[in-house]
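Below: one structure, written as structure tokens.
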Amino acid sequence: MNVAAILDLDLEVFTGPFDLLLTLVLRDEVDLMEVQLAEVVITYLDHLESKGELDLEVATEFLVLIAALLELKSRLMLPREDEDLLDLEPQEAAEELLARMLDAQRYRRAAEHLTTRLEGEEGVRYRQAPLPPFLRESRLEEAVAVYKPARLGKAMGELLRLPPEVSTSHMTTQRVTVGERLAHLKSLLRRGATTFDEAVKGADRVTVAVTLWALLEMYKSGQADWQQDECFGEIRIAAVEAGGAFARAAS
Amino acid sequence: MTELARIIEALLFLSPDPVAVKDLAEVTACDEDEVAEAVAELDQRYAPGEHGLQLKRVAGGLTLATDPIAESAARRLLAKPRTPPLTPAQAETLSIVAYLQPVSRPEITRIRGVSADSATATLIERGLIEESGRSQFGAILYRTTPLFLQLFGLESLKALPDVSAWDPTPEEQAALRDRLLRAGEVRAGGGDDGGEGAPAGATGVLSAVDGGGESS
Amino acid sequence: MTELARIIEALLFLSPDPVAVKDLAEVTACDEDEVAEAVAELDQRYAPGEHGLQLKRVAGGLTLATDPIAESAARRLLAKPRTPPLTPAQAETLSIVAYLQPVSRPEITRIRGVSADSATATLIERGLIEESGRSQFGAILYRTTPLFLQLFGLESLKALPDVSAWDPTPEEQAALRDRLLRAGEVRAGGGDDGGEGAPAGATGVLSAVDGGGESS
């Protein structure tokens, strides 16, 4: 039985089966930022409790789904303006997090107070009637200057200012293209067979990934062949001349 | 005062229009005689000189109205243009209309990079701007009103302040509209709600501006 | 009732918003002490149970409002609920804005731990909060409106209890800290080999490639 189909959720932003929520989130029709994932987990735990048994397969499936959602959501939640938390030492980060949780608790209680207060005003109504005719005509000559013209000039000047470019400093600025890595691989291969480690020596993770793409590209177009004898073992790369580089029998 | 009389008083206070005795009876779940009795009680309370309000019978119903003694004070308090401080959105919208009039709402939106609908509605309601025909594409055009001039202490539109005082790159006044539109596009591209393709669009506009505007 | 009290009653009846004593004094050409005296007279008239209306001090001014006894009849007459209750998300967002104003949406999100976008939009639509300029990063700032004070029966923001009233107790803080530290340890324990995830991924790709290669 598919856990996503049988788990019925009743959340603030969504009511229905879990799989529908997943679909809507993936289609951007429900904002993941507004989904309280903890509620989903609690619903699942309730579901488990009511069934009285733990089906490991179903539990695994649920864990995978909820973990994926959590990761996606945590990425969305990474603050754009303050990435300070990332630079903190673990101890400091924990303190910062604690401070935020305490803050949240404080305002949740303040919210309860406001809600009670609003309930207390239940039934108090204010008059919302239009002014009688004799008050509706405002005479031009009675109007006095209350606004400063400079306000308009300033607003206009601000509109003329080009907004600052969006900062992308938090993103990897290093740009590496498949084309560049292809050229790199080809130049290595011109000198003979090589290894993947050699091709990405000293490179950052993005470059490693792009190099892999380049290698896949060469493999697909039949320009290179590669071989790995064991997991985590060395990946040997060789150019494919007419007839192939590795003797296939060797592998 | 009986509870029914108090309820009826509250209902007359809330309702913008006169309320018929029949309706009062219905919503209070009483019969009309009981309502009439309560109304008599109210009549007594609102005897001339007792309150600043009067209980009146008009248009087949009952209504509360103010005593004429309050008229001149009411005029001083309420019969004047409402001039709460302008929000940033209202100031922006108003300045666009003031400097570029007549101007359409889509143009205002383009320049601001965000919708100007509620700001425009408020400015109309306060009598600061008004409709002024239609553009060739059928969009309603807006212009400022005489009240606008009055409230800003301006003799005429020519007295609007020179924008260059607030403009980091003063250019020909004539180019104002074009430059605003360009800036607006950048703003819309880089904006919060810039959906799909926004970064690409923003870059495009930026480089276009860099290429064209800066070098001139 | 004195003439001044009657005039003030009429003004409060007419004005769509609460009126400050200062403004009442100005438009009645009286000094504030006189107004205060007249208001005291009104207070007496509108003592609880006397009328269907009450004299309230909200949003920095005086205003007339109905007594809740009229609520069910008012609902039937006007066919609309007074104000729908707030959802927990809206109440939380509103309390953050009320206490921290002016405050930006990213800040609200940071405190709540979940996005506040739709709650913010609803609060704006209901007129409880409004824009109030921009932060130094360009984010829109929000503040509460006079309508918020009015609907919550608050004379001013100062009438809100000090936020420290809801500070978690030292025990709660300690419990929270404990939970957090435990979670942190688990993460640190499992995190060491988490960084080595890449090779495993690479293997996946490679074996897929191997598979493809074989068949060709």
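By order in the structure tokens, chains are A, B, ...; within a chain, residues start at 1; ligands start at 1, following the order shown.
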Q.
What are the residues of chain A lining chain B at 10 Å or less? Count only C-alpha atoms, and put the answer as number ranges by chain.
A. A: 125-166
Could the residues of chain C within 6 Å of chain B, counting only C-alpha atoms, be given as a compact mmCIF listing (two decimals) with N, CA and C atoms, in the first residue's frame, please?
# COMPACT_ATOMS: atom_id res chain seq x y z
N MET C 1 -27.70 67.28 29.19
CA MET C 1 -26.32 67.19 28.72
C MET C 1 -25.87 68.57 28.24
N ARG C 6 -23.00 67.34 23.83
CA ARG C 6 -23.88 66.94 22.73
C ARG C 6 -23.17 67.06 21.40
N ILE C 7 -22.42 68.14 21.24
CA ILE C 7 -21.68 68.32 19.97
C ILE C 7 -20.66 67.19 19.80
N GLU C 9 -20.71 64.24 21.10
CA GLU C 9 -21.41 63.00 20.80
C GLU C 9 -21.74 62.92 19.31
N ALA C 10 -22.22 64.03 18.76
CA ALA C 10 -22.57 64.05 17.34
C ALA C 10 -21.33 63.84 16.47
N LEU C 11 -20.22 64.46 16.86
CA LEU C 11 -18.99 64.31 16.08
C LEU C 11 -18.52 62.86 16.07
N VAL C 27 -11.82 71.65 16.82
CA VAL C 27 -13.00 71.96 15.99
C VAL C 27 -14.15 72.52 16.81
N THR C 28 -14.12 72.34 18.13
CA THR C 28 -15.18 72.94 18.94
C THR C 28 -14.72 74.26 19.54
N GLU C 50 -26.60 51.35 30.27
CA GLU C 50 -27.48 52.50 30.07
C GLU C 50 -27.99 52.61 28.64
N HIS C 51 -27.11 52.27 27.71
CA HIS C 51 -27.42 52.46 26.30
C HIS C 51 -27.07 51.21 25.50
N GLY C 52 -27.45 51.24 24.24
CA GLY C 52 -27.02 50.18 23.33
C GLY C 52 -25.65 50.51 22.75
N LEU C 53 -25.13 51.67 23.11
CA LEU C 53 -23.83 52.10 22.59
C LEU C 53 -22.85 52.26 23.74
N THR C 66 -21.06 49.72 19.29
CA THR C 66 -22.26 49.06 19.83
C THR C 66 -21.90 48.20 21.03
N ALA C 70 -26.19 43.67 21.17
CA ALA C 70 -26.90 43.85 19.91
C ALA C 70 -26.34 42.97 18.80
N ALA C 73 -28.60 40.45 16.66
CA ALA C 73 -29.57 41.19 15.85
C ALA C 73 -28.86 41.95 14.74
N ARG C 76 -28.04 39.75 11.91
CA ARG C 76 -29.20 39.47 11.05
C ARG C 76 -29.55 40.68 10.19
Chain C superposed on chain B over all ordered C-alpha pairs, least squares: can you write that as a PDB file with C-alpha atoms, in the first residue's frame?
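Contents of result_12.pdb, freshly written:
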ATOM      1  CA  MET C   1     -39.199  65.165  20.142  1.00  0.00           C
ATOM      2  CA  THR C   2     -41.730  63.331  17.964  1.00  0.00           C
ATOM      3  CA  GLU C   3     -41.931  59.589  18.231  1.00  0.00           C
ATOM      4  CA  LEU C   4     -40.633  59.142  14.689  1.00  0.00           C
ATOM      5  CA  ALA C   5     -37.577  61.294  15.418  1.00  0.00           C
ATOM      6  CA  ARG C   6     -36.938  59.304  18.587  1.00  0.00           C
ATOM      7  CA  ILE C   7     -37.212  56.012  16.729  1.00  0.00           C
ATOM      8  CA  ILE C   8     -34.871  57.237  14.009  1.00  0.00           C
ATOM      9  CA  GLU C   9     -32.387  58.410  16.606  1.00  0.00           C
ATOM     10  CA  ALA C  10     -32.451  54.960  18.191  1.00  0.00           C
ATOM     11  CA  LEU C  11     -31.993  53.266  14.816  1.00  0.00           C
ATOM     12  CA  LEU C  12     -28.989  55.416  13.971  1.00  0.00           C
ATOM     13  CA  PHE C  13     -27.540  54.628  17.394  1.00  0.00           C
ATOM     14  CA  LEU C  14     -27.900  50.878  16.846  1.00  0.00           C
ATOM     15  CA  SER C  15     -26.939  50.528  13.206  1.00  0.00           C
ATOM     16  CA  PRO C  16     -23.266  49.817  12.578  1.00  0.00           C
ATOM     17  CA  ASP C  17     -23.493  51.523   9.170  1.00  0.00           C
ATOM     18  CA  PRO C  18     -25.050  54.744   7.937  1.00  0.00           C
ATOM     19  CA  VAL C  19     -28.755  54.236   7.145  1.00  0.00           C
ATOM     20  CA  ALA C  20     -30.338  55.617   3.981  1.00  0.00           C
ATOM     21  CA  VAL C  21     -33.511  57.707   4.323  1.00  0.00           C
ATOM     22  CA  LYS C  22     -35.238  55.177   2.083  1.00  0.00           C
ATOM     23  CA  ASP C  23     -34.475  52.370   4.525  1.00  0.00           C
ATOM     24  CA  LEU C  24     -35.537  54.482   7.497  1.00  0.00           C
ATOM     25  CA  ALA C  25     -38.850  55.105   5.756  1.00  0.00           C
ATOM     26  CA  GLU C  26     -39.285  51.425   5.019  1.00  0.00           C
ATOM     27  CA  VAL C  27     -38.680  50.096   8.519  1.00  0.00           C
ATOM     28  CA  THR C  28     -40.695  52.833  10.216  1.00  0.00           C
ATOM     29  CA  ALA C  29     -43.546  52.384   7.731  1.00  0.00           C
ATOM     30  CA  CYS C  30     -43.522  56.107   6.975  1.00  0.00           C
ATOM     31  CA  ASP C  31     -42.994  57.941   3.741  1.00  0.00           C
ATOM     32  CA  GLU C  32     -39.713  59.645   2.981  1.00  0.00           C
ATOM     33  CA  ASP C  33     -41.112  63.127   3.539  1.00  0.00           C
ATOM     34  CA  GLU C  34     -42.095  62.238   7.056  1.00  0.00           C
ATOM     35  CA  VAL C  35     -38.658  60.812   7.673  1.00  0.00           C
ATOM     36  CA  ALA C  36     -37.058  63.966   6.267  1.00  0.00           C
ATOM     37  CA  GLU C  37     -39.137  66.025   8.676  1.00  0.00           C
ATOM     38  CA  ALA C  38     -38.100  63.897  11.632  1.00  0.00           C
ATOM     39  CA  VAL C  39     -34.476  64.132  10.524  1.00  0.00           C
ATOM     40  CA  ALA C  40     -34.775  67.914  10.402  1.00  0.00           C
ATOM     41  CA  GLU C  41     -35.974  67.755  13.996  1.00  0.00           C
ATOM     42  CA  LEU C  42     -32.936  65.678  14.923  1.00  0.00           C
ATOM     43  CA  ASP C  43     -30.704  68.118  13.070  1.00  0.00           C
ATOM     44  CA  GLN C  44     -32.002  70.852  15.321  1.00  0.00           C
ATOM     45  CA  ARG C  45     -31.444  68.798  18.446  1.00  0.00           C
ATOM     46  CA  TYR C  46     -27.919  67.986  17.388  1.00  0.00           C
ATOM     47  CA  ALA C  47     -27.057  71.532  16.359  1.00  0.00           C
ATOM     48  CA  PRO C  48     -23.364  72.323  16.947  1.00  0.00           C
ATOM     49  CA  GLY C  49     -22.534  72.672  20.628  1.00  0.00           C
ATOM     50  CA  GLU C  50     -25.774  71.136  21.828  1.00  0.00           C
ATOM     51  CA  HIS C  51     -24.595  67.595  22.302  1.00  0.00           C
ATOM     52  CA  GLY C  52     -21.495  65.456  22.431  1.00  0.00           C
ATOM     53  CA  LEU C  53     -22.800  63.784  19.288  1.00  0.00           C
ATOM     54  CA  GLN C  54     -23.465  65.001  15.784  1.00  0.00           C
ATOM     55  CA  LEU C  55     -25.773  63.834  13.036  1.00  0.00           C
ATOM     56  CA  LYS C  56     -23.755  63.197   9.883  1.00  0.00           C
ATOM     57  CA  ARG C  57     -24.604  62.444   6.289  1.00  0.00           C
ATOM     58  CA  VAL C  58     -21.996  60.021   5.008  1.00  0.00           C
ATOM     59  CA  ALA C  59     -21.761  57.102   2.601  1.00  0.00           C
ATOM     60  CA  GLY C  60     -25.274  57.647   1.315  1.00  0.00           C
ATOM     61  CA  GLY C  61     -26.947  57.621   4.704  1.00  0.00           C
ATOM     62  CA  LEU C  62     -27.357  59.135   8.127  1.00  0.00           C
ATOM     63  CA  THR C  63     -25.305  58.239  11.149  1.00  0.00           C
ATOM     64  CA  LEU C  64     -24.407  59.505  14.590  1.00  0.00           C
ATOM     65  CA  ALA C  65     -20.794  60.337  15.405  1.00  0.00           C
ATOM     66  CA  THR C  66     -18.941  61.937  18.270  1.00  0.00           C
ATOM     67  CA  ASP C  67     -18.018  65.577  18.411  1.00  0.00           C
ATOM     68  CA  PRO C  68     -14.232  66.031  18.213  1.00  0.00           C
ATOM     69  CA  ILE C  69     -14.224  67.676  21.666  1.00  0.00           C
ATOM     70  CA  ALA C  70     -14.441  64.184  23.114  1.00  0.00           C
ATOM     71  CA  GLU C  71     -11.477  62.860  21.153  1.00  0.00           C
ATOM     72  CA  SER C  72      -8.726  63.013  23.747  1.00  0.00           C
ATOM     73  CA  ALA C  73     -10.932  61.501  26.457  1.00  0.00           C
ATOM     74  CA  ALA C  74     -12.123  58.851  23.984  1.00  0.00           C
ATOM     75  CA  ARG C  75      -8.552  57.954  23.160  1.00  0.00           C
ATOM     76  CA  ARG C  76      -7.821  57.464  26.848  1.00  0.00           C
ATOM     77  CA  LEU C  77     -10.973  55.440  27.441  1.00  0.00           C
ATOM     78  CA  LEU C  78     -10.763  53.199  24.389  1.00  0.00           C
ATOM     79  CA  ALA C  79      -6.969  53.124  24.244  1.00  0.00           C
ATOM     80  CA  LYS C  80      -6.791  53.277  20.503  1.00  0.00           C
ATOM     81  CA  PRO C  81      -6.340  56.055  17.996  1.00  0.00           C
ATOM     82  CA  ARG C  82      -9.305  56.628  15.749  1.00  0.00           C
ATOM     83  CA  THR C  83      -7.527  56.073  12.482  1.00  0.00           C
ATOM     84  CA  PRO C  84      -3.848  56.403  11.718  1.00  0.00           C
ATOM     85  CA  PRO C  85      -3.007  59.026   9.092  1.00  0.00           C
ATOM     86  CA  LEU C  86      -2.252  57.909   5.543  1.00  0.00           C
ATOM     87  CA  THR C  87       1.267  57.830   4.168  1.00  0.00           C
ATOM     88  CA  PRO C  88       1.743  59.844   0.964  1.00  0.00           C
ATOM     89  CA  ALA C  89       1.863  56.601  -1.056  1.00  0.00           C
ATOM     90  CA  GLN C  90      -1.393  55.413   0.488  1.00  0.00           C
ATOM     91  CA  ALA C  91      -3.063  58.781  -0.047  1.00  0.00           C
ATOM     92  CA  GLU C  92      -1.992  58.836  -3.717  1.00  0.00           C
ATOM     93  CA  THR C  93      -3.171  55.293  -4.300  1.00  0.00           C
ATOM     94  CA  LEU C  94      -6.438  56.035  -2.554  1.00  0.00           C
ATOM     95  CA  SER C  95      -7.047  59.167  -4.602  1.00  0.00           C
ATOM     96  CA  ILE C  96      -6.438  57.267  -7.845  1.00  0.00           C
ATOM     97  CA  VAL C  97      -8.872  54.540  -6.775  1.00  0.00           C
ATOM     98  CA  ALA C  98     -11.411  57.120  -5.605  1.00  0.00           C
ATOM     99  CA  TYR C  99     -11.420  58.988  -8.893  1.00  0.00           C
ATOM    100  CA  LEU C 100     -10.843  56.226 -11.428  1.00  0.00           C
ATOM    101  CA  GLN C 101     -12.662  53.285  -9.860  1.00  0.00           C
ATOM    102  CA  PRO C 102     -12.823  50.543 -10.782  1.00  0.00           C
ATOM    103  CA  VAL C 103      -9.101  50.595 -11.438  1.00  0.00           C
ATOM    104  CA  SER C 104      -6.433  47.890 -11.575  1.00  0.00           C
ATOM    105  CA  ARG C 105      -3.097  47.807  -9.810  1.00  0.00           C
ATOM    106  CA  PRO C 106      -1.082  48.059 -13.048  1.00  0.00           C
ATOM    107  CA  GLU C 107      -3.018  51.215 -13.877  1.00  0.00           C
ATOM    108  CA  ILE C 108      -2.291  52.683 -10.448  1.00  0.00           C
ATOM    109  CA  THR C 109       1.377  51.819 -10.880  1.00  0.00           C
ATOM    110  CA  ARG C 110       1.394  53.431 -14.292  1.00  0.00           C
ATOM    111  CA  ILE C 111       0.042  56.681 -12.972  1.00  0.00           C
ATOM    112  CA  ARG C 112       2.199  56.787  -9.859  1.00  0.00           C
ATOM    113  CA  GLY C 113       5.376  55.678 -11.595  1.00  0.00           C
ATOM    114  CA  VAL C 114       6.169  53.427  -8.644  1.00  0.00           C
ATOM    115  CA  SER C 115       4.579  50.215  -7.520  1.00  0.00           C
ATOM    116  CA  ALA C 116       1.453  50.525  -5.429  1.00  0.00           C
ATOM    117  CA  ASP C 117       1.493  47.009  -4.016  1.00  0.00           C
ATOM    118  CA  SER C 118       2.095  47.643  -0.360  1.00  0.00           C
ATOM    119  CA  ALA C 119      -0.048  50.784  -0.313  1.00  0.00           C
ATOM    120  CA  THR C 120      -2.892  48.832  -1.920  1.00  0.00           C
ATOM    121  CA  ALA C 121      -2.515  46.015   0.588  1.00  0.00           C
ATOM    122  CA  THR C 122      -2.660  48.457   3.511  1.00  0.00           C
ATOM    123  CA  LEU C 123      -5.711  50.238   2.122  1.00  0.00           C
ATOM    124  CA  ILE C 124      -7.496  46.913   1.718  1.00  0.00           C
ATOM    125  CA  GLU C 125      -6.530  45.875   5.225  1.00  0.00           C
ATOM    126  CA  ARG C 126      -7.890  49.144   6.581  1.00  0.00           C
ATOM    127  CA  GLY C 127     -11.114  48.579   4.695  1.00  0.00           C
ATOM    128  CA  LEU C 128     -10.813  51.745   2.604  1.00  0.00           C
ATOM    129  CA  ILE C 129     -10.740  49.954  -0.743  1.00  0.00           C
ATOM    130  CA  GLU C 130     -11.915  46.533  -1.892  1.00  0.00           C
ATOM    131  CA  GLU C 131     -11.833  44.249  -4.896  1.00  0.00           C
ATOM    132  CA  SER C 132     -14.400  44.873  -7.569  1.00  0.00           C
ATOM    133  CA  GLY C 133     -14.157  42.237 -10.259  1.00  0.00           C
ATOM    134  CA  ARG C 134     -11.505  41.823 -12.898  1.00  0.00           C
ATOM    135  CA  SER C 135     -10.362  43.808 -15.897  1.00  0.00           C
ATOM    136  CA  GLN C 136     -10.496  42.322 -19.369  1.00  0.00           C
ATOM    137  CA  PHE C 137      -6.852  41.350 -18.883  1.00  0.00           C
ATOM    138  CA  GLY C 138      -7.668  39.539 -15.662  1.00  0.00           C
ATOM    139  CA  ALA C 139      -6.185  42.151 -13.323  1.00  0.00           C
ATOM    140  CA  ILE C 140      -8.066  42.669 -10.065  1.00  0.00           C
ATOM    141  CA  LEU C 141     -10.008  45.920 -10.044  1.00  0.00           C
ATOM    142  CA  TYR C 142     -10.384  48.053  -6.934  1.00  0.00           C
ATOM    143  CA  ARG C 143     -13.004  50.482  -5.701  1.00  0.00           C
ATOM    144  CA  THR C 144     -13.494  52.475  -2.534  1.00  0.00           C
ATOM    145  CA  THR C 145     -15.709  51.173   0.275  1.00  0.00           C
ATOM    146  CA  PRO C 146     -18.555  52.830   2.183  1.00  0.00           C
ATOM    147  CA  LEU C 147     -16.096  52.989   5.106  1.00  0.00           C
ATOM    148  CA  PHE C 148     -13.912  55.248   2.981  1.00  0.00           C
ATOM    149  CA  LEU C 149     -16.814  57.662   2.507  1.00  0.00           C
ATOM    150  CA  GLN C 150     -17.611  57.494   6.206  1.00  0.00           C
ATOM    151  CA  LEU C 151     -14.095  58.119   7.475  1.00  0.00           C
ATOM    152  CA  PHE C 152     -13.578  60.980   5.043  1.00  0.00           C
ATOM    153  CA  GLY C 153     -16.950  62.477   5.920  1.00  0.00           C
ATOM    154  CA  LEU C 154     -18.233  62.186   2.345  1.00  0.00           C
ATOM    155  CA  GLU C 155     -21.872  61.707   1.582  1.00  0.00           C
ATOM    156  CA  SER C 156     -21.071  60.015  -1.712  1.00  0.00           C
ATOM    157  CA  LEU C 157     -18.339  59.873  -4.331  1.00  0.00           C
ATOM    158  CA  LYS C 158     -20.031  62.834  -5.952  1.00  0.00           C
ATOM    159  CA  ALA C 159     -18.973  64.902  -2.961  1.00  0.00           C
ATOM    160  CA  LEU C 160     -15.362  64.608  -4.109  1.00  0.00           C
ATOM    161  CA  PRO C 161     -14.232  67.748  -5.897  1.00  0.00           C
ATOM    162  CA  ASP C 162     -13.936  67.409  -9.674  1.00  0.00           C
ATOM    163  CA  VAL C 163     -10.483  66.051 -10.401  1.00  0.00           C
ATOM    164  CA  SER C 164      -9.917  68.797 -12.924  1.00  0.00           C
ATOM    165  CA  ALA C 165      -9.616  71.083  -9.897  1.00  0.00           C
ATOM    166  CA  TRP C 166      -6.051  69.841  -9.671  1.00  0.00           C
ATOM    167  CA  ASP C 167      -5.155  70.046 -13.311  1.00  0.00           C
ATOM    168  CA  PRO C 168      -1.716  71.514 -13.612  1.00  0.00           C
ATOM    169  CA  THR C 169      -1.857  75.118 -14.840  1.00  0.00           C
ATOM    170  CA  PRO C 170      -0.887  75.796 -18.468  1.00  0.00           C
ATOM    171  CA  GLU C 171       2.419  77.236 -17.187  1.00  0.00           C
ATOM    172  CA  GLU C 172       3.159  74.093 -15.204  1.00  0.00           C
ATOM    173  CA  GLN C 173       2.273  71.989 -18.208  1.00  0.00           C
ATOM    174  CA  ALA C 174       4.575  74.005 -20.410  1.00  0.00           C
ATOM    175  CA  ALA C 175       7.406  73.735 -17.892  1.00  0.00           C
ATOM    176  CA  LEU C 176       6.918  69.987 -17.651  1.00  0.00           C
ATOM    177  CA  ARG C 177       6.875  69.659 -21.430  1.00  0.00           C
ATOM    178  CA  ASP C 178      10.088  71.659 -21.685  1.00  0.00           C
ATOM    179  CA  ARG C 179      11.879  69.506 -19.179  1.00  0.00           C
ATOM    180  CA  LEU C 180      10.693  66.394 -20.916  1.00  0.00           C
ATOM    181  CA  LEU C 181      11.785  67.557 -24.349  1.00  0.00           C
ATOM    182  CA  ARG C 182      15.205  68.576 -23.069  1.00  0.00           C
ATOM    183  CA  ALA C 183      15.638  65.179 -21.462  1.00  0.00           C
ATOM    184  CA  GLY C 184      14.531  63.582 -24.722  1.00  0.00           C
ATOM    185  CA  GLU C 185      17.119  65.516 -26.729  1.00  0.00           C
ATOM    186  CA  VAL C 186      19.903  64.521 -24.399  1.00  0.00           C
ATOM    187  CA  ARG C 187      18.824  60.937 -24.739  1.00  0.00           C
ATOM    188  CA  ALA C 188      18.606  61.107 -28.514  1.00  0.00           C
ATOM    189  CA  GLY C 189      22.040  62.743 -28.692  1.00  0.00           C
ATOM    190  CA  GLY C 190      23.705  60.105 -26.538  1.00  0.00           C
ATOM    191  CA  GLY C 191      21.626  57.251 -27.888  1.00  0.00           C
ATOM    192  CA  ASP C 192      23.160  56.978 -31.356  1.00  0.00           C
ATOM    193  CA  ASP C 193      26.278  55.147 -30.427  1.00  0.00           C
ATOM    194  CA  GLY C 194      24.527  53.421 -27.555  1.00  0.00           C
ATOM    195  CA  GLY C 195      23.386  50.746 -29.993  1.00  0.00           C
ATOM    196  CA  GLU C 196      26.948  49.878 -30.806  1.00  0.00           C
ATOM    197  CA  GLY C 197      27.581  48.736 -27.288  1.00  0.00           C
ATOM    198  CA  ALA C 198      27.731  45.080 -28.248  1.00  0.00           C
ATOM    199  CA  PRO C 199      31.168  44.976 -29.866  1.00  0.00           C
ATOM    200  CA  ALA C 200      32.694  46.640 -26.832  1.00  0.00           C
ATOM    201  CA  GLY C 201      31.172  43.910 -24.704  1.00  0.00           C
ATOM    202  CA  ALA C 202      32.449  41.273 -27.075  1.00  0.00           C
ATOM    203  CA  THR C 203      35.926  42.692 -26.841  1.00  0.00           C
ATOM    204  CA  GLY C 204      35.754  42.333 -23.108  1.00  0.00           C
ATOM    205  CA  VAL C 205      34.885  38.695 -23.398  1.00  0.00           C
ATOM    206  CA  LEU C 206      37.491  38.096 -26.016  1.00  0.00           C
ATOM    207  CA  SER C 207      40.299  39.659 -24.097  1.00  0.00           C
ATOM    208  CA  ALA C 208      39.310  37.578 -21.101  1.00  0.00           C
ATOM    209  CA  VAL C 209      39.434  34.514 -23.286  1.00  0.00           C
ATOM    210  CA  ASP C 210      42.763  35.577 -24.696  1.00  0.00           C
ATOM    211  CA  GLY C 211      44.112  35.972 -21.232  1.00  0.00           C
ATOM    212  CA  GLY C 212      42.894  32.537 -20.290  1.00  0.00           C
ATOM    213  CA  GLY C 213      44.269  30.991 -23.426  1.00  0.00           C
ATOM    214  CA  GLU C 214      47.716  32.380 -22.936  1.00  0.00           C
ATOM    215  CA  SER C 215      48.182  30.943 -19.529  1.00  0.00           C
ATOM    216  CA  SER C 216      47.066  27.458 -20.462  1.00  0.00           C
TER     217      SER C 216
END
Q: Check the DSSP output for the backbone and give back, as a list in words, the residues of segment 12-251 of chain A in strand (DSSP E).
A: Thr15, Gly16, Pro17, Thr194, Thr195, Ala224, Asp225, Trp226, Gln227, Gln228, Ile235, Arg236, Ile237, Ala238 and Ala239 of chain A
(Q) From a backbone DSSP assignment, name each residue in segment 32-246 of chain A labelled helix (DSSP H, G or I), as number ranges by chain. (A) A: 32-34, 37-51, 56-77, 84-87, 90-120, 133-136, 140-142, 149-160, 178-190, 196-199, 205-220
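Atom to atom, atom CA of Glu34 of chain A and atom CA of Leu70 of chain A stand 12.3 Å apart.
As for atom CA of Val210 of chain A and atom CA of Arg27 of chain A, they are spaced 28.1 Å apart.
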**Q.** atom CA of Ala209 of chain A to atom CA of Arg191 of chain A, distance in Å rounded to a single decimal
**A.**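 Between atom CA of Ala209 of chain A and atom CA of Arg191 of chain A the gap is 22.7 Å.
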Q | Distance query Gly16 of chain A at most 12 Å, only C-alpha atoms, self and fewer than 3 positions along chain excluded, as a PyMOL selection string | A | chain A and resi 4-13+19-24+40+43
